[in-house]
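Below is one structure, written out as structure tokens; comments come after it.
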Amino acid sequence: NCVGQKTSTNGIQEAINYVLNTGGGTVYIKRGDYYFPEVTSSIPNNAVITIDLSKFNRVSFEIKGDRYGTRLHLPINKTSGNIWLFTIGIPYSYPPPIIRDITFVNDINTGTPVGPIVAGGTGGLYMKDLIYLDNPNAEPGISPMYWTWFNGMYGVLIEGFNFISNNSSVITSVLVFDSVTYGKVTSCYMVHNMNYGGWQGTAISPATGSVMVDDCEIYGFYNAFGWGDSDAPTTLQVSNSIIGTPRGGSQAPDGNRADVNNLLAGTSPGATGR
């Protein structure tokens, strides 16, 4: 793995299962580039690796790496449906699992988009110091990174999050909060390289619930925030943050286009903002 050889997905899954079956603890993925086998047919839970806490008795669980040193490359997806690298099932009243110090790289997939993480259930989740690199080398034909989706949860905390994209393919959203009672994103840096012209996608999408964004910088997206057809009230609070800048070229962050077309976009009938 440390020299770029392909990773045995079963090895990571077995490490996770071992920790969960022995009372909880930490799965450590050491430094290296981890490449996963191609996905050529449907897979359980639409994910390569499953962390299902519902099968265990209130265990504490953490998965961590060496931040930029631990690079998980999203696999080639030859199926017709979107998949994720990790799916996490979190029951109510369990200690929130922790994912920290890992870099997710989207640089080889030319098929249907793959996302880093999908989490669901009524519990909580803590993500700290994660890095998303979407087509960092600006290779032609790389599919966009699919969204990270939080669905039907009580609490999600994201701290120290970095998203950097050089992908010319259209991205939809980066972080999607779907029926999350309370979500918070703090100390984040999100930039989409716009050398290809036009804006791309939405940085953060809250829908049905409350999301707070604090101490964040967002550049180069079509929408900084956006919600679609929410079926219940949605609250978004933003503080101490920079959303776009008129500077461009060498004067912009990362030397790219850095403005944001819309602060907030939504299609829900009767949607209002304050």
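Chain labels follow the order of the structure tokens: the first chain is A, the next B, and so on; residue numbering restarts at 1 in every chain, and ligands are counted from 1 in their shown order.
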Task: Which of region 34-221 of chain A DSSP labels helix (DSSP H, G or I), written as number ranges by chain - done: A: 44-46, 53-55
For the residues in the current selection, export C-alpha atoms as a PDB file, in the first residue's frame.
```pdb
ATOM      1  CA  PRO A  44     -24.445  -4.150  -0.608  1.00  0.00           C
ATOM      2  CA  ASN A  45     -25.462  -0.741   0.768  1.00  0.00           C
ATOM      3  CA  ASN A  46     -24.024   0.859  -2.404  1.00  0.00           C
ATOM      4  CA  LEU A  53     -22.923   0.015  14.293  1.00  0.00           C
ATOM      5  CA  SER A  54     -26.515  -1.224  14.589  1.00  0.00           C
ATOM      6  CA  LYS A  55     -25.279  -4.804  14.925  1.00  0.00           C
TER       7      LYS A  55
END
```
Task: Proximity to Gly111 (chain A) - best of A:Asp259, A:Glu38, A:Asp178, A:Asp214, only C-alpha atoms - done: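 Of the candidates, the smallest distance to Gly111 (chain A) is held by A:Glu38.
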Neighbouring residues of region 24-35 of chain A were defined as those with any atom within 10 Å, considering only C-alpha atoms; residues of the same chain fewer than 6 positions away were excluded. Please report them as an mmCIF file with N, CA, C and O atoms, in the first residue's frame.
```
data_model
loop_
_atom_site.group_PDB
_atom_site.id
_atom_site.type_symbol
_atom_site.label_atom_id
_atom_site.label_comp_id
_atom_site.auth_asym_id
_atom_site.auth_seq_id
_atom_site.Cartn_x
_atom_site.Cartn_y
_atom_site.Cartn_z
ATOM 1 N N ASN A 1 0.817 -1.208 0.000
ATOM 2 C CA ASN A 1 0.000 0.000 0.000
ATOM 3 C C ASN A 1 0.855 1.264 0.000
ATOM 4 O O ASN A 1 0.558 2.220 -0.677
ATOM 5 N N CYS A 2 1.905 1.251 0.786
ATOM 6 C CA CYS A 2 2.722 2.457 0.912
ATOM 7 C C CYS A 2 3.494 2.766 -0.364
ATOM 8 O O CYS A 2 4.002 3.860 -0.523
ATOM 9 N N VAL A 3 3.591 1.799 -1.250
ATOM 10 C CA VAL A 3 4.289 2.044 -2.514
ATOM 11 C C VAL A 3 3.309 2.047 -3.684
ATOM 12 O O VAL A 3 3.692 1.872 -4.817
ATOM 13 N N GLY A 4 2.020 2.260 -3.392
ATOM 14 C CA GLY A 4 1.044 2.425 -4.450
ATOM 15 C C GLY A 4 0.428 1.150 -4.971
ATOM 16 O O GLY A 4 -0.277 1.172 -5.970
ATOM 17 N N GLN A 5 0.662 0.022 -4.321
ATOM 18 C CA GLN A 5 0.039 -1.212 -4.764
ATOM 19 C C GLN A 5 -1.447 -1.208 -4.397
ATOM 20 O O GLN A 5 -1.882 -0.488 -3.507
ATOM 21 N N LYS A 6 -2.236 -2.047 -5.084
ATOM 22 C CA LYS A 6 -3.673 -2.067 -4.828
ATOM 23 C C LYS A 6 -3.973 -2.675 -3.456
ATOM 24 O O LYS A 6 -3.320 -3.605 -3.005
ATOM 25 N N THR A 7 -4.999 -2.100 -2.833
ATOM 26 C CA THR A 7 -5.368 -2.494 -1.484
ATOM 27 C C THR A 7 -6.400 -3.607 -1.514
ATOM 28 O O THR A 7 -7.282 -3.627 -2.356
ATOM 29 N N SER A 8 -6.302 -4.510 -0.573
ATOM 30 C CA SER A 8 -7.350 -5.496 -0.374
ATOM 31 C C SER A 8 -8.474 -4.853 0.427
ATOM 32 O O SER A 8 -8.323 -4.557 1.604
ATOM 33 N N THR A 9 -9.611 -4.607 -0.241
ATOM 34 C CA THR A 9 -10.743 -4.029 0.469
ATOM 35 C C THR A 9 -11.129 -4.892 1.646
ATOM 36 O O THR A 9 -11.499 -4.403 2.718
ATOM 37 N N ILE A 12 -9.365 -3.998 5.012
ATOM 38 C CA ILE A 12 -9.897 -2.871 5.772
ATOM 39 C C ILE A 12 -11.224 -3.247 6.406
ATOM 40 O O ILE A 12 -11.483 -2.937 7.573
ATOM 41 N N ALA A 15 -10.640 -5.430 9.419
ATOM 42 C CA ALA A 15 -10.134 -4.670 10.564
ATOM 43 C C ALA A 15 -11.280 -3.953 11.273
ATOM 44 O O ALA A 15 -11.355 -3.932 12.510
ATOM 45 N N ILE A 16 -12.185 -3.360 10.485
ATOM 46 C CA ILE A 16 -13.350 -2.693 11.073
ATOM 47 C C ILE A 16 -14.211 -3.692 11.830
ATOM 48 O O ILE A 16 -14.619 -3.457 12.980
ATOM 49 N N ASN A 17 -14.500 -4.828 11.208
ATOM 50 C CA ASN A 17 -15.331 -5.834 11.866
ATOM 51 C C ASN A 17 -14.690 -6.356 13.147
ATOM 52 O O ASN A 17 -15.373 -6.591 14.150
ATOM 53 N N TYR A 18 -13.378 -6.535 13.121
ATOM 54 C CA TYR A 18 -12.679 -7.032 14.301
ATOM 55 C C TYR A 18 -12.823 -6.063 15.468
ATOM 56 O O TYR A 18 -13.130 -6.456 16.595
ATOM 57 N N LEU A 53 -22.945 0.061 12.827
ATOM 58 C CA LEU A 53 -22.923 0.015 14.293
ATOM 59 C C LEU A 53 -24.197 -0.576 14.877
ATOM 60 O O LEU A 53 -24.227 -0.912 16.059
ATOM 61 N N PHE A 56 -24.087 -3.932 16.860
ATOM 62 C CA PHE A 56 -23.230 -4.072 18.042
ATOM 63 C C PHE A 56 -23.811 -3.272 19.201
ATOM 64 O O PHE A 56 -24.620 -2.365 19.017
ATOM 65 N N ASN A 57 -23.395 -3.597 20.400
ATOM 66 C CA ASN A 57 -23.982 -3.028 21.607
ATOM 67 C C ASN A 57 -23.266 -1.752 22.031
ATOM 68 O O ASN A 57 -22.364 -1.778 22.864
ATOM 69 N N ARG A 58 -23.663 -0.643 21.453
ATOM 70 C CA ARG A 58 -23.205 0.681 21.864
ATOM 71 C C ARG A 58 -21.680 0.794 21.967
ATOM 72 O O ARG A 58 -21.136 1.282 22.956
ATOM 73 N N VAL A 59 -20.991 0.366 20.941
ATOM 74 C CA VAL A 59 -19.541 0.442 20.936
ATOM 75 C C VAL A 59 -19.092 1.831 20.519
ATOM 76 O O VAL A 59 -19.788 2.556 19.794
ATOM 77 N N SER A 60 -17.915 2.227 20.995
ATOM 78 C CA SER A 60 -17.262 3.442 20.512
ATOM 79 C C SER A 60 -16.344 3.054 19.358
ATOM 80 O O SER A 60 -15.639 2.037 19.433
ATOM 81 N N PHE A 61 -16.339 3.872 18.312
ATOM 82 C CA PHE A 61 -15.572 3.503 17.124
ATOM 83 C C PHE A 61 -14.932 4.727 16.505
ATOM 84 O O PHE A 61 -15.544 5.792 16.396
ATOM 85 N N GLU A 62 -13.671 4.559 16.082
ATOM 86 C CA GLU A 62 -12.931 5.614 15.407
ATOM 87 C C GLU A 62 -12.123 4.999 14.281
ATOM 88 O O GLU A 62 -11.548 3.923 14.426
ATOM 89 N N ILE A 63 -12.093 5.691 13.138
ATOM 90 C CA ILE A 63 -11.208 5.291 12.051
ATOM 91 C C ILE A 63 -10.368 6.501 11.693
ATOM 92 O O ILE A 63 -10.896 7.601 11.506
ATOM 93 N N LYS A 64 -9.051 6.324 11.644
ATOM 94 C CA LYS A 64 -8.185 7.471 11.433
ATOM 95 C C LYS A 64 -6.975 7.082 10.601
ATOM 96 O O LYS A 64 -6.608 5.919 10.475
ATOM 97 N N GLY A 65 -6.344 8.119 10.022
ATOM 98 C CA GLY A 65 -5.119 7.928 9.266
ATOM 99 C C GLY A 65 -4.086 8.948 9.666
ATOM 100 O O GLY A 65 -4.076 9.441 10.801
ATOM 101 N N ASP A 66 -3.204 9.286 8.731
ATOM 102 C CA ASP A 66 -2.162 10.288 8.942
ATOM 103 C C ASP A 66 -2.431 11.537 8.103
ATOM 104 O O ASP A 66 -1.542 12.112 7.495
ATOM 105 N N ARG A 67 -3.676 11.918 8.033
ATOM 106 C CA ARG A 67 -4.179 13.052 7.281
ATOM 107 C C ARG A 67 -3.741 12.981 5.815
ATOM 108 O O ARG A 67 -4.115 12.065 5.112
ATOM 109 N N TYR A 68 -2.899 13.915 5.327
ATOM 110 C CA TYR A 68 -2.540 13.875 3.915
ATOM 111 C C TYR A 68 -1.702 12.640 3.589
ATOM 112 O O TYR A 68 -1.662 12.192 2.439
ATOM 113 N N GLY A 69 -1.069 12.083 4.577
ATOM 114 C CA GLY A 69 -0.252 10.895 4.333
ATOM 115 C C GLY A 69 -1.073 9.658 4.028
ATOM 116 O O GLY A 69 -0.587 8.722 3.385
ATOM 117 N N THR A 70 -2.327 9.604 4.473
ATOM 118 C CA THR A 70 -3.209 8.471 4.203
ATOM 119 C C THR A 70 -4.189 8.871 3.118
ATOM 120 O O THR A 70 -5.124 9.630 3.353
ATOM 121 N N ARG A 71 -3.976 8.364 1.904
ATOM 122 C CA ARG A 71 -4.770 8.771 0.747
ATOM 123 C C ARG A 71 -5.575 7.580 0.208
ATOM 124 O O ARG A 71 -4.987 6.618 -0.306
ATOM 125 N N LEU A 72 -6.890 7.674 0.320
ATOM 126 C CA LEU A 72 -7.780 6.635 -0.185
ATOM 127 C C LEU A 72 -8.327 7.089 -1.536
ATOM 128 O O LEU A 72 -9.028 8.108 -1.618
ATOM 129 N N HIS A 73 -7.994 6.358 -2.587
ATOM 130 C CA HIS A 73 -8.398 6.732 -3.940
ATOM 131 C C HIS A 73 -9.749 6.087 -4.269
ATOM 132 O O HIS A 73 -9.874 4.857 -4.213
ATOM 133 N N LEU A 74 -10.729 6.909 -4.603
ATOM 134 C CA LEU A 74 -12.057 6.387 -4.922
ATOM 135 C C LEU A 74 -11.967 5.462 -6.137
ATOM 136 O O LEU A 74 -11.305 5.789 -7.122
ATOM 137 N N PRO A 75 -12.645 4.316 -6.081
ATOM 138 C CA PRO A 75 -12.464 3.308 -7.128
ATOM 139 C C PRO A 75 -13.177 3.657 -8.420
ATOM 140 O O PRO A 75 -14.043 4.534 -8.474
ATOM 141 N N ILE A 76 -12.813 2.946 -9.477
ATOM 142 C CA ILE A 76 -13.525 3.035 -10.749
ATOM 143 C C ILE A 76 -14.868 2.335 -10.590
ATOM 144 O O ILE A 76 -14.945 1.186 -10.140
ATOM 145 N N PRO A 97 -19.582 7.850 16.067
ATOM 146 C CA PRO A 97 -18.299 7.395 15.520
ATOM 147 C C PRO A 97 -17.490 8.585 15.024
ATOM 148 O O PRO A 97 -18.043 9.647 14.693
ATOM 149 N N ILE A 98 -16.176 8.399 14.949
ATOM 150 C CA ILE A 98 -15.258 9.460 14.555
ATOM 151 C C ILE A 98 -14.494 9.026 13.311
ATOM 152 O O ILE A 98 -13.956 7.913 13.268
ATOM 153 N N ILE A 99 -14.450 9.895 12.313
ATOM 154 C CA ILE A 99 -13.598 9.682 11.133
ATOM 155 C C ILE A 99 -12.658 10.862 11.060
ATOM 156 O O ILE A 99 -13.105 12.017 11.000
ATOM 157 N N ARG A 100 -11.356 10.613 11.064
ATOM 158 C CA ARG A 100 -10.430 11.740 11.142
ATOM 159 C C ARG A 100 -9.124 11.461 10.417
ATOM 160 O O ARG A 100 -8.711 10.314 10.235
ATOM 161 N N ASP A 101 -8.502 12.550 9.957
ATOM 162 C CA ASP A 101 -7.134 12.514 9.424
ATOM 163 C C ASP A 101 -6.983 11.580 8.226
ATOM 164 O O ASP A 101 -6.049 10.773 8.165
ATOM 165 N N ILE A 102 -7.913 11.688 7.278
ATOM 166 C CA ILE A 102 -7.874 10.871 6.063
ATOM 167 C C ILE A 102 -8.082 11.773 4.853
ATOM 168 O O ILE A 102 -8.864 12.724 4.898
ATOM 169 N N THR A 103 -7.372 11.474 3.766
ATOM 170 C CA THR A 103 -7.548 12.186 2.499
ATOM 171 C C THR A 103 -8.240 11.266 1.499
ATOM 172 O O THR A 103 -7.803 10.131 1.291
ATOM 173 N N PHE A 104 -9.326 11.756 0.903
ATOM 174 C CA PHE A 104 -10.040 11.020 -0.137
ATOM 175 C C PHE A 104 -9.690 11.655 -1.476
ATOM 176 O O PHE A 104 -9.851 12.871 -1.657
ATOM 177 N N VAL A 105 -9.222 10.825 -2.427
ATOM 178 C CA VAL A 105 -8.745 11.337 -3.712
ATOM 179 C C VAL A 105 -9.600 10.755 -4.837
ATOM 180 O O VAL A 105 -9.765 9.530 -4.942
ATOM 181 N N ILE A 108 -9.053 8.548 -10.513
ATOM 182 C CA ILE A 108 -8.978 7.464 -11.494
ATOM 183 C C ILE A 108 -10.335 7.063 -12.051
ATOM 184 O O ILE A 108 -10.407 6.361 -13.051
#
```
TODO: Using CA of Lys184 (chain A) and CA of Ser165 (chain A) as the two end points, give the distance in Å to one decimal.
DONE: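 Between these atoms lies a distance of 22.0 Å.
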